[in-house]
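**Q** Enclosed is the structure file start.pdb (PDB, C-alpha atoms and all ligand atoms).
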ATOM      1  CA  MET V   1      -0.271 -11.735  27.835
ATOM      2  CA  ASP V   2       0.330 -12.917  24.258
ATOM      3  CA  MET V   3      -0.295 -16.685  24.389
ATOM      4  CA  ARG V   4       0.825 -17.284  20.810
ATOM      5  CA  ARG V   5       3.668 -19.778  20.479
ATOM      6  CA  ASP V   6       6.997 -18.535  19.153
ATOM      7  CA  PRO V   7       7.389 -19.832  15.621
ATOM      8  CA  ALA V   8       9.440 -23.041  15.697
ATOM      9  CA  PRO V   9      12.310 -23.257  13.187
ATOM     10  CA  PHE V  10      10.704 -24.602  10.055
ATOM     11  CA  SER V  11      11.762 -28.225   9.567
ATOM     12  CA  ALA V  12       8.449 -29.692   8.567
ATOM     13  CA  ILE V  13       9.263 -30.124   4.889
ATOM     14  CA  GLU V  14       9.540 -33.843   4.282
ATOM     15  CA  ARG V  15      12.007 -35.273   1.835
ATOM     16  CA  GLN V  16      11.059 -34.294  -1.695
ATOM     17  CA  PRO V  17       7.419 -33.356  -1.177
ATOM     18  CA  SER V  18       5.376 -32.316  -4.171
ATOM     19  CA  ARG V  19       4.812 -28.582  -4.664
ATOM     20  CA  ALA V  20       1.239 -28.975  -3.378
ATOM     21  CA  GLU V  21       2.424 -30.883  -0.283
ATOM     22  CA  ALA V  22       5.109 -28.282   0.440
ATOM     23  CA  ILE V  23       2.475 -25.518   0.204
ATOM     24  CA  ALA V  24       0.227 -27.393   2.652
ATOM     25  CA  GLN V  25       3.114 -27.922   5.083
ATOM     26  CA  VAL V  26       4.205 -24.279   4.959
ATOM     27  CA  ALA V  27       0.602 -23.071   5.309
ATOM     28  CA  ALA V  28       0.136 -25.208   8.432
ATOM     29  CA  TYR V  29       3.395 -23.869   9.874
ATOM     30  CA  LEU V  30       2.428 -20.248   9.187
ATOM     31  CA  SER V  31      -1.039 -20.731  10.581
ATOM     32  CA  ASP V  32       0.527 -22.227  13.706
ATOM     33  CA  SER V  33       2.666 -19.084  13.944
ATOM     34  CA  GLY V  34      -0.359 -16.777  14.061
ATOM     35  CA  VAL V  35      -0.960 -16.005  10.374
ATOM     36  CA  GLU V  36      -4.696 -16.181   9.572
ATOM     37  CA  ALA V  37      -5.490 -19.503   7.824
ATOM     38  CA  ALA V  38      -6.657 -18.260   4.379
ATOM     39  CA  GLN V  39      -3.777 -15.792   4.285
ATOM     40  CA  ALA V  40      -1.346 -18.570   5.257
ATOM     41  CA  GLN V  41      -2.400 -20.568   2.161
ATOM     42  CA  ASP V  42      -1.876 -17.605  -0.177
ATOM     43  CA  ASP V  43       1.437 -16.762   1.461
ATOM     44  CA  ALA V  44       2.698 -20.358   1.292
ATOM     45  CA  ARG V  45       1.893 -20.456  -2.421
ATOM     46  CA  ALA V  46       3.723 -17.165  -3.049
ATOM     47  CA  LEU V  47       6.770 -18.312  -1.073
ATOM     48  CA  LEU V  48       6.931 -21.662  -2.880
ATOM     49  CA  ARG V  49       6.761 -19.857  -6.225
ATOM     50  CA  ALA V  50       9.619 -17.566  -5.152
ATOM     51  CA  ALA V  51      11.722 -20.432  -3.772
ATOM     52  CA  ALA V  52      11.281 -22.525  -6.918
ATOM     53  CA  GLY V  53      11.239 -19.634  -9.426
ATOM     54  CA  LEU V  54       7.800 -20.587 -10.754
ATOM     55  CA  SER V  55       5.182 -18.496 -12.498
ATOM     56  CA  ARG V  56       1.547 -18.817 -11.401
ATOM     57  CA  LEU V  57       0.872 -20.824 -14.554
ATOM     58  CA  GLU V  58       3.786 -23.223 -13.985
ATOM     59  CA  LEU V  59       2.578 -23.952 -10.469
ATOM     60  CA  ALA V  60      -1.020 -24.404 -11.610
ATOM     61  CA  MET V  61       0.059 -26.779 -14.400
ATOM     62  CA  SER V  62       2.286 -29.053 -12.262
ATOM     63  CA  PRO V  63       1.301 -29.006  -8.590
ATOM     64  CA  GLN V  64       2.420 -32.616  -8.132
ATOM     65  CA  ALA V  65       6.018 -32.098  -9.348
ATOM     66  CA  PRO V  66       8.526 -32.718  -6.505
ATOM     67  CA  ILE V  67      10.545 -29.812  -5.111
ATOM     68  CA  THR V  68      14.335 -30.123  -5.035
ATOM     69  CA  ASP V  69      16.442 -30.013  -1.863
ATOM     70  CA  ASP V  70      17.688 -26.512  -2.800
ATOM     71  CA  GLU V  71      14.129 -25.313  -3.269
ATOM     72  CA  ALA V  72      13.161 -26.851   0.074
ATOM     73  CA  ASP V  73      16.061 -25.016   1.774
ATOM     74  CA  ARG V  74      15.094 -21.704   0.219
ATOM     75  CA  LEU V  75      11.457 -22.274   1.111
ATOM     76  CA  SER V  76      12.364 -23.043   4.729
ATOM     77  CA  ARG V  77      14.271 -19.780   5.047
ATOM     78  CA  LEU V  78      11.458 -17.719   3.483
ATOM     79  CA  ALA V  79       8.838 -19.473   5.622
ATOM     80  CA  ALA V  80      10.797 -18.750   8.811
ATOM     81  CA  ARG V  81      10.777 -15.028   7.963
ATOM     82  CA  ARG V  82       7.022 -15.071   7.303
ATOM     83  CA  ALA V  83       6.469 -16.979  10.557
ATOM     84  CA  ALA V  84       8.213 -14.045  12.301
ATOM     85  CA  ARG V  85       5.364 -11.977  10.707
ATOM     86  CA  GLU V  86       7.404 -10.235   8.026
ATOM     87  CA  PRO V  87       4.900  -9.517   5.205
ATOM     88  CA  VAL V  88       5.344 -11.526   2.002
ATOM     89  CA  SER V  89       5.664  -8.328  -0.039
ATOM     90  CA  ARG V  90       8.658  -7.303   2.068
ATOM     91  CA  ILE V  91      10.242 -10.750   1.859
ATOM     92  CA  LEU V  92       9.885 -10.749  -1.924
ATOM     93  CA  GLY V  93      10.566  -6.999  -2.321
ATOM     94  CA  GLU V  94       7.568  -6.643  -4.621
ATOM     95  CA  ARG V  95       3.867  -5.877  -4.396
ATOM     96  CA  GLY V  96       1.157  -5.926  -7.046
ATOM     97  CA  PHE V  97      -0.801  -2.666  -6.908
ATOM     98  CA  TRP V  98      -3.516  -1.777  -9.391
ATOM     99  CA  THR V  99      -2.157  -3.305 -12.631
ATOM    100  CA  LEU V 100       1.476  -2.666 -11.700
ATOM    101  CA  ASP V 101       4.289  -4.598 -10.017
ATOM    102  CA  LEU V 102       5.930  -2.174  -7.599
ATOM    103  CA  VAL V 103       9.152  -2.430  -5.633
ATOM    104  CA  VAL V 104       8.572  -2.451  -1.877
ATOM    105  CA  SER V 105      11.587  -1.132  -0.034
ATOM    106  CA  PRO V 106      12.370  -1.269   3.681
ATOM    107  CA  GLN V 107      11.415   1.920   5.591
ATOM    108  CA  VAL V 108       8.565   2.665   3.153
ATOM    109  CA  LEU V 109       4.883   1.802   3.642
ATOM    110  CA  ASP V 110       3.857  -1.392   1.878
ATOM    111  CA  PRO V 111       0.983  -0.212  -0.389
ATOM    112  CA  ARG V 112      -2.343  -1.861   0.455
ATOM    113  CA  PRO V 113      -5.281  -3.068  -1.659
ATOM    114  CA  ASP V 114      -7.506  -0.570   0.234
ATOM    115  CA  THR V 115      -5.594   2.238  -1.441
ATOM    116  CA  GLU V 116      -6.801   1.035  -4.836
ATOM    117  CA  THR V 117     -10.200   2.406  -3.732
ATOM    118  CA  LEU V 118      -8.647   5.884  -3.831
ATOM    119  CA  VAL V 119      -7.452   5.316  -7.404
ATOM    120  CA  GLU V 120     -10.863   3.935  -8.449
ATOM    121  CA  THR V 121     -12.725   6.860  -6.868
ATOM    122  CA  VAL V 122     -10.579   9.493  -8.567
ATOM    123  CA  LEU V 123     -10.885   7.816 -11.965
ATOM    124  CA  ALA V 124     -14.664   7.506 -11.589
ATOM    125  CA  LEU V 125     -14.975  11.251 -10.888
ATOM    126  CA  LEU V 126     -12.868  12.482 -13.812
ATOM    127  CA  ASP V 127     -14.734  13.583 -16.928
ATOM    128  CA  LYS V 128     -11.963  12.828 -19.407
ATOM    129  CA  ARG V 129      -9.074  10.419 -19.000
ATOM    130  CA  ASP V 130      -7.034  11.877 -21.867
ATOM    131  CA  ALA V 131      -6.874  15.458 -20.504
ATOM    132  CA  PRO V 132      -3.430  16.895 -19.535
ATOM    133  CA  LEU V 133      -4.207  16.859 -15.820
ATOM    134  CA  SER V 134      -1.785  18.004 -13.134
ATOM    135  CA  ILE V 135      -1.780  15.654 -10.141
ATOM    136  CA  LEU V 136      -0.297  16.207  -6.696
ATOM    137  CA  ASP V 137       0.279  13.128  -4.483
ATOM    138  CA  LEU V 138       1.017  14.158  -0.894
ATOM    139  CA  GLY V 139       2.841  11.486   1.133
ATOM    140  CA  ALA V 140       3.705   9.381  -1.916
ATOM    141  CA  GLY V 141       5.458   6.513  -0.051
ATOM    142  CA  SER V 142       6.235   3.885  -2.683
ATOM    143  CA  GLY V 143       4.608   6.087  -5.341
ATOM    144  CA  ALA V 144       1.745   3.591  -5.669
ATOM    145  CA  ILE V 145      -1.059   6.138  -6.131
ATOM    146  CA  ALA V 146       0.879   8.384  -8.509
ATOM    147  CA  CYS V 147       2.003   5.407 -10.614
ATOM    148  CA  ALA V 148      -1.517   3.939 -10.776
ATOM    149  CA  LEU V 149      -3.068   7.264 -11.807
ATOM    150  CA  LEU V 150      -0.384   7.925 -14.419
ATOM    151  CA  SER V 151      -0.975   4.442 -15.818
ATOM    152  CA  GLU V 152      -4.653   5.307 -16.444
ATOM    153  CA  LEU V 153      -4.267   8.964 -17.457
ATOM    154  CA  PRO V 154      -1.901   9.024 -20.431
ATOM    155  CA  ALA V 155      -1.593  12.835 -20.735
ATOM    156  CA  ALA V 156      -1.366  13.564 -16.998
ATOM    157  CA  HIS V 157       1.749  14.548 -15.081
ATOM    158  CA  ALA V 158       2.353  14.272 -11.357
ATOM    159  CA  VAL V 159       4.258  15.839  -8.493
ATOM    160  CA  ALA V 160       4.908  13.276  -5.747
ATOM    161  CA  VAL V 161       5.889  14.634  -2.326
ATOM    162  CA  ASP V 162       7.189  12.846   0.741
ATOM    163  CA  LEU V 163       9.113  13.891   3.827
ATOM    164  CA  SER V 164      10.994  10.593   3.966
ATOM    165  CA  PRO V 165      14.086  10.332   1.756
ATOM    166  CA  TYR V 166      13.501   6.552   1.567
ATOM    167  CA  ALA V 167       9.979   7.143   0.247
ATOM    168  CA  CYS V 168      11.258   9.661  -2.307
ATOM    169  CA  ALA V 169      13.811   7.102  -3.521
ATOM    170  CA  ALA V 170      11.150   4.357  -3.686
ATOM    171  CA  THR V 171       8.749   6.623  -5.584
ATOM    172  CA  ALA V 172      11.480   7.545  -8.068
ATOM    173  CA  GLU V 173      12.355   3.869  -8.531
ATOM    174  CA  ASN V 174       8.748   2.852  -9.145
ATOM    175  CA  LEU V 175       8.105   5.755 -11.525
ATOM    176  CA  ALA V 176      11.162   4.658 -13.513
ATOM    177  CA  ARG V 177      10.119   0.992 -13.395
ATOM    178  CA  CYS V 178       6.678   1.921 -14.783
ATOM    179  CA  GLY V 179       8.168   4.211 -17.456
ATOM    180  CA  PHE V 180       6.725   7.455 -16.056
ATOM    181  CA  THR V 181       9.904   9.400 -15.265
ATOM    182  CA  ASP V 182       9.185  11.990 -17.963
ATOM    183  CA  ARG V 183       5.700  12.676 -16.539
ATOM    184  CA  ALA V 184       6.548  13.031 -12.866
ATOM    185  CA  VAL V 185       8.779  14.818 -10.405
ATOM    186  CA  VAL V 186       9.539  13.733  -6.863
ATOM    187  CA  VAL V 187       9.892  16.425  -4.207
ATOM    188  CA  ARG V 188      11.160  15.877  -0.702
ATOM    189  CA  GLY V 189       9.225  18.177   1.588
ATOM    190  CA  ARG V 190       6.680  18.705   4.323
ATOM    191  CA  TRP V 191       3.373  18.273   2.534
ATOM    192  CA  ALA V 192       2.948  21.047  -0.038
ATOM    193  CA  GLU V 193       4.756  23.838   1.813
ATOM    194  CA  SER V 194       7.328  24.379  -0.970
ATOM    195  CA  LEU V 195       4.852  24.083  -3.857
ATOM    196  CA  ALA V 196       2.853  26.525  -5.908
ATOM    197  CA  GLY V 197      -0.196  25.174  -7.731
ATOM    198  CA  PRO V 198      -2.643  25.059  -9.066
ATOM    199  CA  PHE V 199      -3.385  21.352  -9.525
ATOM    200  CA  ASP V 200      -6.333  19.593 -11.140
ATOM    201  CA  VAL V 201      -6.201  16.623  -8.772
ATOM    202  CA  ILE V 202      -4.757  16.346  -5.266
ATOM    203  CA  VAL V 203      -4.596  12.903  -3.663
ATOM    204  CA  SER V 204      -3.271  11.751  -0.333
ATOM    205  CA  ASN V 205      -3.163   8.678   1.837
ATOM    206  CA  PRO V 206      -1.627  10.347   4.884
ATOM    207  CA  PRO V 207      -0.705   8.668   8.185
ATOM    208  CA  TYR V 208      -4.047   8.239   9.981
ATOM    209  CA  VAL V 209      -3.586   5.744  12.808
ATOM    210  CA  ARG V 210      -4.310   7.156  16.273
ATOM    211  CA  ALA V 211      -0.949   7.292  18.073
ATOM    212  CA  GLY V 212      -2.360   5.279  20.978
ATOM    213  CA  ASP V 213      -3.499   2.476  18.631
ATOM    214  CA  ILE V 214      -0.091   1.837  17.069
ATOM    215  CA  PRO V 215       1.030  -0.712  19.728
ATOM    216  CA  THR V 216      -2.144  -2.737  19.035
ATOM    217  CA  LEU V 217      -1.607  -3.096  15.270
ATOM    218  CA  ASP V 218      -0.753  -6.462  13.696
ATOM    219  CA  PRO V 219       2.969  -7.274  13.842
ATOM    220  CA  GLU V 220       3.175  -7.045  10.032
ATOM    221  CA  VAL V 221       2.291  -3.339  10.322
ATOM    222  CA  ARG V 222       3.721  -2.405  13.717
ATOM    223  CA  LEU V 223       7.116  -4.013  13.113
ATOM    224  CA  TYR V 224       7.608  -3.393   9.399
ATOM    225  CA  ASP V 225       5.828  -0.178   8.336
ATOM    226  CA  PRO V 226       7.610   3.062   9.307
ATOM    227  CA  ALA V 227       6.100   5.124  12.137
ATOM    228  CA  LEU V 228       6.216   8.227   9.914
ATOM    229  CA  ALA V 229       3.731   6.501   7.589
ATOM    230  CA  LEU V 230       1.326   5.483  10.376
ATOM    231  CA  ASP V 231       1.162   8.070  13.127
ATOM    232  CA  GLY V 232      -1.757  10.464  12.659
ATOM    233  CA  GLY V 233      -1.473  12.021  16.112
ATOM    234  CA  ARG V 234      -3.794  11.718  19.081
ATOM    235  CA  ASP V 235      -7.068  11.461  17.115
ATOM    236  CA  GLY V 236      -5.531  10.246  13.830
ATOM    237  CA  LEU V 237      -6.534  13.455  12.020
ATOM    238  CA  ASP V 238      -3.443  15.687  12.427
ATOM    239  CA  CYS V 239      -2.213  15.216   8.861
ATOM    240  CA  TYR V 240      -5.629  15.901   7.320
ATOM    241  CA  ARG V 241      -5.818  19.206   9.214
ATOM    242  CA  GLU V 242      -2.429  20.240   7.798
ATOM    243  CA  ILE V 243      -3.101  19.027   4.260
ATOM    244  CA  VAL V 244      -6.586  20.525   3.911
ATOM    245  CA  ALA V 245      -5.043  23.991   4.278
ATOM    246  CA  ASP V 246      -2.581  23.174   1.445
ATOM    247  CA  VAL V 247      -5.410  21.826  -0.695
ATOM    248  CA  ALA V 248      -7.453  25.011  -0.295
ATOM    249  CA  ARG V 249      -4.438  26.999  -1.548
ATOM    250  CA  LEU V 250      -3.398  24.691  -4.407
ATOM    251  CA  LEU V 251      -6.498  23.101  -5.958
ATOM    252  CA  LYS V 252      -8.063  24.594  -9.101
ATOM    253  CA  SER V 253     -11.626  25.866  -8.683
ATOM    254  CA  ASP V 254     -12.896  22.900 -10.754
ATOM    255  CA  GLY V 255     -10.363  20.487  -9.264
ATOM    256  CA  LEU V 256     -10.775  17.277  -7.285
ATOM    257  CA  VAL V 257      -9.262  16.262  -3.949
ATOM    258  CA  ALA V 258      -9.397  12.703  -2.614
ATOM    259  CA  PHE V 259      -8.156  11.340   0.695
ATOM    260  CA  GLU V 260      -7.845   7.779   1.916
ATOM    261  CA  VAL V 261      -9.217   7.661   5.472
ATOM    262  CA  GLY V 262      -9.317   5.247   8.388
ATOM    263  CA  SER V 263     -12.458   3.107   8.525
ATOM    264  CA  ASP V 264     -14.159   5.409  11.092
ATOM    265  CA  GLN V 265     -12.808   8.754   9.869
ATOM    266  CA  ALA V 266     -14.889   9.633   6.778
ATOM    267  CA  VAL V 267     -17.303  11.910   8.651
ATOM    268  CA  SER V 268     -14.504  13.785  10.441
ATOM    269  CA  VAL V 269     -12.460  14.267   7.259
ATOM    270  CA  ALA V 270     -15.562  15.359   5.337
ATOM    271  CA  SER V 271     -16.235  17.979   7.988
ATOM    272  CA  LEU V 272     -12.615  19.253   7.849
ATOM    273  CA  LEU V 273     -13.055  19.644   4.079
ATOM    274  CA  GLY V 274     -16.469  21.269   4.502
ATOM    275  CA  ALA V 275     -15.012  23.840   6.892
ATOM    276  CA  LYS V 276     -12.499  24.891   4.175
ATOM    277  CA  GLY V 277     -15.189  25.367   1.523
ATOM    278  CA  PHE V 278     -15.299  21.956  -0.173
ATOM    279  CA  ALA V 279     -18.389  19.972  -1.152
ATOM    280  CA  ILE V 280     -18.207  16.173  -0.852
ATOM    281  CA  ALA V 281     -18.311  14.521  -4.286
ATOM    282  CA  ARG V 282     -18.170  10.883  -3.206
ATOM    283  CA  VAL V 283     -17.363   8.587  -0.304
ATOM    284  CA  GLY V 284     -15.737   5.405  -1.631
ATOM    285  CA  ARG V 285     -15.978   2.034   0.115
ATOM    286  CA  ASP V 286     -13.219  -0.574   0.195
ATOM    287  CA  ALA V 287     -13.686  -4.300  -0.496
ATOM    288  CA  GLY V 288     -14.654  -4.830   3.148
ATOM    289  CA  GLY V 289     -17.471  -2.247   2.861
ATOM    290  CA  HIS V 290     -15.725   0.405   4.995
ATOM    291  CA  GLU V 291     -15.839   4.067   4.048
ATOM    292  CA  ARG V 292     -12.257   4.394   2.827
ATOM    293  CA  VAL V 293     -12.093   7.454   0.572
ATOM    294  CA  VAL V 294     -13.477  10.976   0.825
ATOM    295  CA  ALA V 295     -13.447  12.944  -2.440
ATOM    296  CA  ALA V 296     -14.469  16.592  -2.700
ATOM    297  CA  ARG V 297     -14.522  19.607  -4.990
ATOM    298  CA  PRO V 298     -14.436  23.326  -4.183
ATOM    299  CA  ALA V 299     -18.030  24.337  -3.408
ATOM    300  CA  GLN V 300     -19.363  26.656  -6.090
ATOM    301  CA  PRO V 301     -20.184  30.175  -4.806
TER     302      PRO V 301
HETATM  303  C1  LIG V 401       0.225   6.043   4.826
HETATM  304  S1  LIG V 401       1.710   6.403   3.958
HETATM  305  C2  LIG V 401       1.091   6.404   2.280
HETATM  306  C3  LIG V 401       2.107   5.995   1.256
HETATM  307  C4  LIG V 401       1.525   5.824  -0.148
HETATM  308  N1  LIG V 401       0.899   7.023  -0.625
HETATM  309  C5  LIG V 401       0.515   4.685  -0.181
HETATM  310  O1  LIG V 401      -0.671   4.967  -0.258
HETATM  311  O2  LIG V 401       0.909   3.519  -0.126
HETATM  312  C6  LIG V 401       1.933   8.122   4.346
HETATM  313  C7  LIG V 401       3.187   8.772   3.754
HETATM  314  O3  LIG V 401       3.217  10.135   4.195
HETATM  315  C8  LIG V 401       4.562  10.488   4.439
HETATM  316  N2  LIG V 401       4.570  11.651   5.346
HETATM  317  C9  LIG V 401       4.346  11.661   6.688
HETATM  318  N3  LIG V 401       4.410  12.913   7.157
HETATM  319  C10 LIG V 401       4.672  13.719   6.082
HETATM  320  C11 LIG V 401       4.831  15.119   5.923
HETATM  321  N4  LIG V 401       4.748  15.980   6.969
HETATM  322  N5  LIG V 401       5.083  15.604   4.683
HETATM  323  C12 LIG V 401       5.171  14.762   3.625
HETATM  324  N6  LIG V 401       5.024  13.421   3.719
HETATM  325  C13 LIG V 401       4.774  12.911   4.932
HETATM  326  C14 LIG V 401       5.181   9.235   5.006
HETATM  327  O4  LIG V 401       6.580   9.250   4.869
HETATM  328  C15 LIG V 401       4.492   8.144   4.173
HETATM  329  O5  LIG V 401       5.263   7.811   3.050
END
How does this structure look as C-alpha cells?
**A**
Amino acid sequence: MDMRRDPAPFSAIERQPSRAEAIAQVAAYLSDSGVEAAQAQDDARALLRAAAGLSRLELAMSPQAPITDDEADRLSRLAARRAAREPVSRILGERGFWTLDLVVSPQVLDPRPDTETLVETVLALLDKRDAPLSILDLGAGSGAIACALLSELPAAHAVAVDLSPYACAATAENLARCGFTDRAVVVRGRWAESLAGPFDVIVSNPPYVRAGDIPTLDPEVRLYDPALALDGGRDGLDCYREIVADVARLLKSDGLVAFEVGSDQAVSVASLLGAKGFAIARVGRDAGGHERVVAARPAQP
C-alpha cells in the first residue's frame, strides 16, 4: 500500500515572505508530497521564478526581496500542481534541452536529459559537422533530437517521423521556434514504412519500457507521459526489432545509426543490430553512468 500522504492544499506561505523563504517553504511542501529533496529545491526555485516572472539572474541578485500577495497566490497554485506530481516542465510548458528551449505539450513525451547523450554520441562520431547530412529521426516526439542535431549541423536537413499527431504538431512547433523549418519535414507515419532513403544518420529514442513495468514508474512519467511513448512491449524491445529492419533498408553504407536504450538494454539492442549486419561504433553512457546509447555503422564486407 502507498503510505505517502496526499498533498495538503498549499497554505504554508506566510505573509510576505522573502523569495528565499518562499522557495524553502515550497521545497518543504513538495518534499512532504513525495518529491525527492534535491529535486524539490530546484522545482521550488523554478516555480517561484515563474510565479514572480523572474530571470535566474534577478532571483540570484535579490533573494531577500519580499514576494507580493499575487505572486504568493500564483506560487501556491503552481506548487499544488507539482505536489500532485505534475512535472515542472509540463506546468511551465517549456523544457531546456541541449542548448534550446523547447515547448512541451500535453500528450507528448517530455524530453529528458538522458537523451542528450544520444545527441552527444552522434556528434562525436561524425567526421565533419558542416557536411550536408540527411538525418532521419524515428519517433520524434517533441522534436528534441532533430532540433538539437540541426542546431549543431548547419548544413544538415532532417525528416522527423512520429505516429502521434500531437507529437508531429509539437515537432513542427519546436522546429519553427528554433528556426529550422526550411531544413526539416515532419511526417506522420509508422516508423519509416512510407519513406525511401538513403540517409546519412538515423536516430531514434523509441518506446522501451517493458509493458509490465509501466505501473511501477514514477507518477511524473506514468501519469503524464503518453503510453505510446513508453510501451516497448513485453521485453521492451519490440520497437527496436521493427526499426532495425527499416534502418537496414534506409541507411547509407557509410551511415550512422544511434538508438537511445533502457539502462539494461544495450547488449540486446547491439545484438539486434549485429544480426542485421551492423558493427557497434560506440556505447554512450548517461550522466548516471548507465549505458544509454548504442551507435552502429554497416559492417564493411
Ligand atoms: C520515447 S518517445 C521519444 C520522443 C523524442 N524523440 C524524445 O527523445 O524525447 C517515443 C516516440 O515514438 C513515437 N512512436 C511510438 N510508436 C511509433 C510508431 N510505430 N511509429 C512512429 N512513431 C512511434 C511516440 O509517439 C513517441 O513520440
**Q** At a cut-off of 7 Å around ligand LIG 401 (chain V), and using only C-alpha atoms and all ligand atoms, what residues come up? Please write them as a PyMOL selection string.
**A** chain V and resi 108-112+115+138-145+161-164+167+189-191+204-207+228-230
**Q** Between V:Val201, V:Ala146, V:Ala227, V:Val209, single out the one closest to Val261 in chain V, counting all atoms listed in the file.
**A**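 Checking each candidate against Val261 in chain V, we get V:Val209 as the closest.
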**Q** Would you translate the PyMOL selection byres (((chain V and resi 41) around 9) and not hetatm) into the concrete set of residues it matches in this file, as a ChimeraX atom specification?
**A** /V:23-24,26-28,30-31,36-40,42-46
**Q** For a test of reading the model, state the distance in Å between CA of Leu78 in chain V and CA of Ala50 in chain V, rounded to one decimal.
**A**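 Spanning CA of Leu78 in chain V to CA of Ala50 in chain V is a straight-line distance of 8.8 Å.
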**Q** On this structure, which residues satisfy the PyMOL selection byres (((chain V and resi 267) around 12) and not hetatm), written as JSON, numbers by chain?
**A** {"V": [237, 261, 262, 263, 264, 265, 266, 268, 269, 270, 271, 272, 273, 274, 280, 282, 283, 291, 292, 293, 294, 295]}
**Q** Any idea what the distance is between CA of Tyr29 in chain V and CA of Leu75 in chain V?
**A** 12.0 Å
**Q** Around all the atoms of range 242-245 of chain V listed in the file, draw an axis-aligned box and extend it by 6 Å on each of the six sides; I want its centre and edge lengths in Å to one decimal, as lines of an AutoDock Vina configuration file.
**A**
center_x = -4.5
center_y = 21.5
center_z = 5.9
size_x = 16.2
size_y = 17.0
size_z = 15.9
**Q** Counting only C-alpha atoms, which of V:Pro66, V:Pro226, V:Pro198, V:Gly212 gets nearest to Leu136 in chain V?
**A**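 For Leu136 in chain V, the nearest of the candidates is V:Pro198.
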**Q** Grab the CA of Ile243 in chain V to CA of Lys276 in chain V distance for me, in Å with one decimal place.
**A** 11.1 Å
**Q** Using all atoms listed in the file, which residue out of V:Gly289, V:Pro132, V:Pro63, V:Gly277 lies closest to Pro17 in chain V?
**A**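 When distances to Pro17 in chain V are compared using all atoms listed in the file, the smallest one comes from V:Pro63.
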**Q** Could you tell me which of V:Tyr224, V:Tyr208, V:Phe199, V:Phe278 comes closest to Leu250 in chain V if we count all atoms listed in the file?
**A**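 Of V:Tyr224, V:Tyr208, V:Phe199, V:Phe278, the one nearest Leu250 in chain V, counting all atoms listed in the file, is V:Phe199.
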**Q** Identify which of the residues V:Arg234, V:Arg285, V:Lys128, V:Arg82 lies closest to Glu260 in chain V, counting all atoms listed in the file when measuring atom-to-atom distances.
**A**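 Checking each of V:Arg234, V:Arg285, V:Lys128, V:Arg82 against Glu260 in chain V, counting all atoms listed in the file, the winner is V:Arg285.
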**Q** Please return as a PyMOL selection string every residue within 7 Å of (16.8, 11.2, -1.9), taking into account all atoms listed in the file and the file's own coordinates.
**A** chain V and resi 165-166+168-169
**Q** Taking the file as shown, what set of residues would the PyMOL selection byres (((chain V and resi 87-95) around 7) and not hetatm) give back, as a ChimeraX atom specification?
**A** /V:43,82,85-86,96-97,101-105,220
**Q** Give me, as a tab-separated table, each residue of range 136-188 of chain V that comes within 12 Å of range 118-124 of chain V, together with its shortest interatomic pair and the distance in Å at one decimal, counting all atoms listed in the file, with rows ordered by chain and rising residue number.
**A**
residue	atom	partner	partner_atom	distance
V:Asp137	CA	V:Val119	CA	11.4
V:Ala144	CA	V:Val119	CA	9.5
V:Ile145	CA	V:Val119	CA	6.6
V:Ala146	CA	V:Val119	CA	8.9
V:Cys147	CA	V:Val119	CA	10.0
V:Ala148	CA	V:Val119	CA	7.0
V:Leu149	CA	V:Val119	CA	6.5
V:Leu150	CA	V:Val119	CA	10.3
V:Ser151	CA	V:Val119	CA	10.7
V:Glu152	CA	V:Leu123	CA	8.1
V:Leu153	CA	V:Leu123	CA	8.7
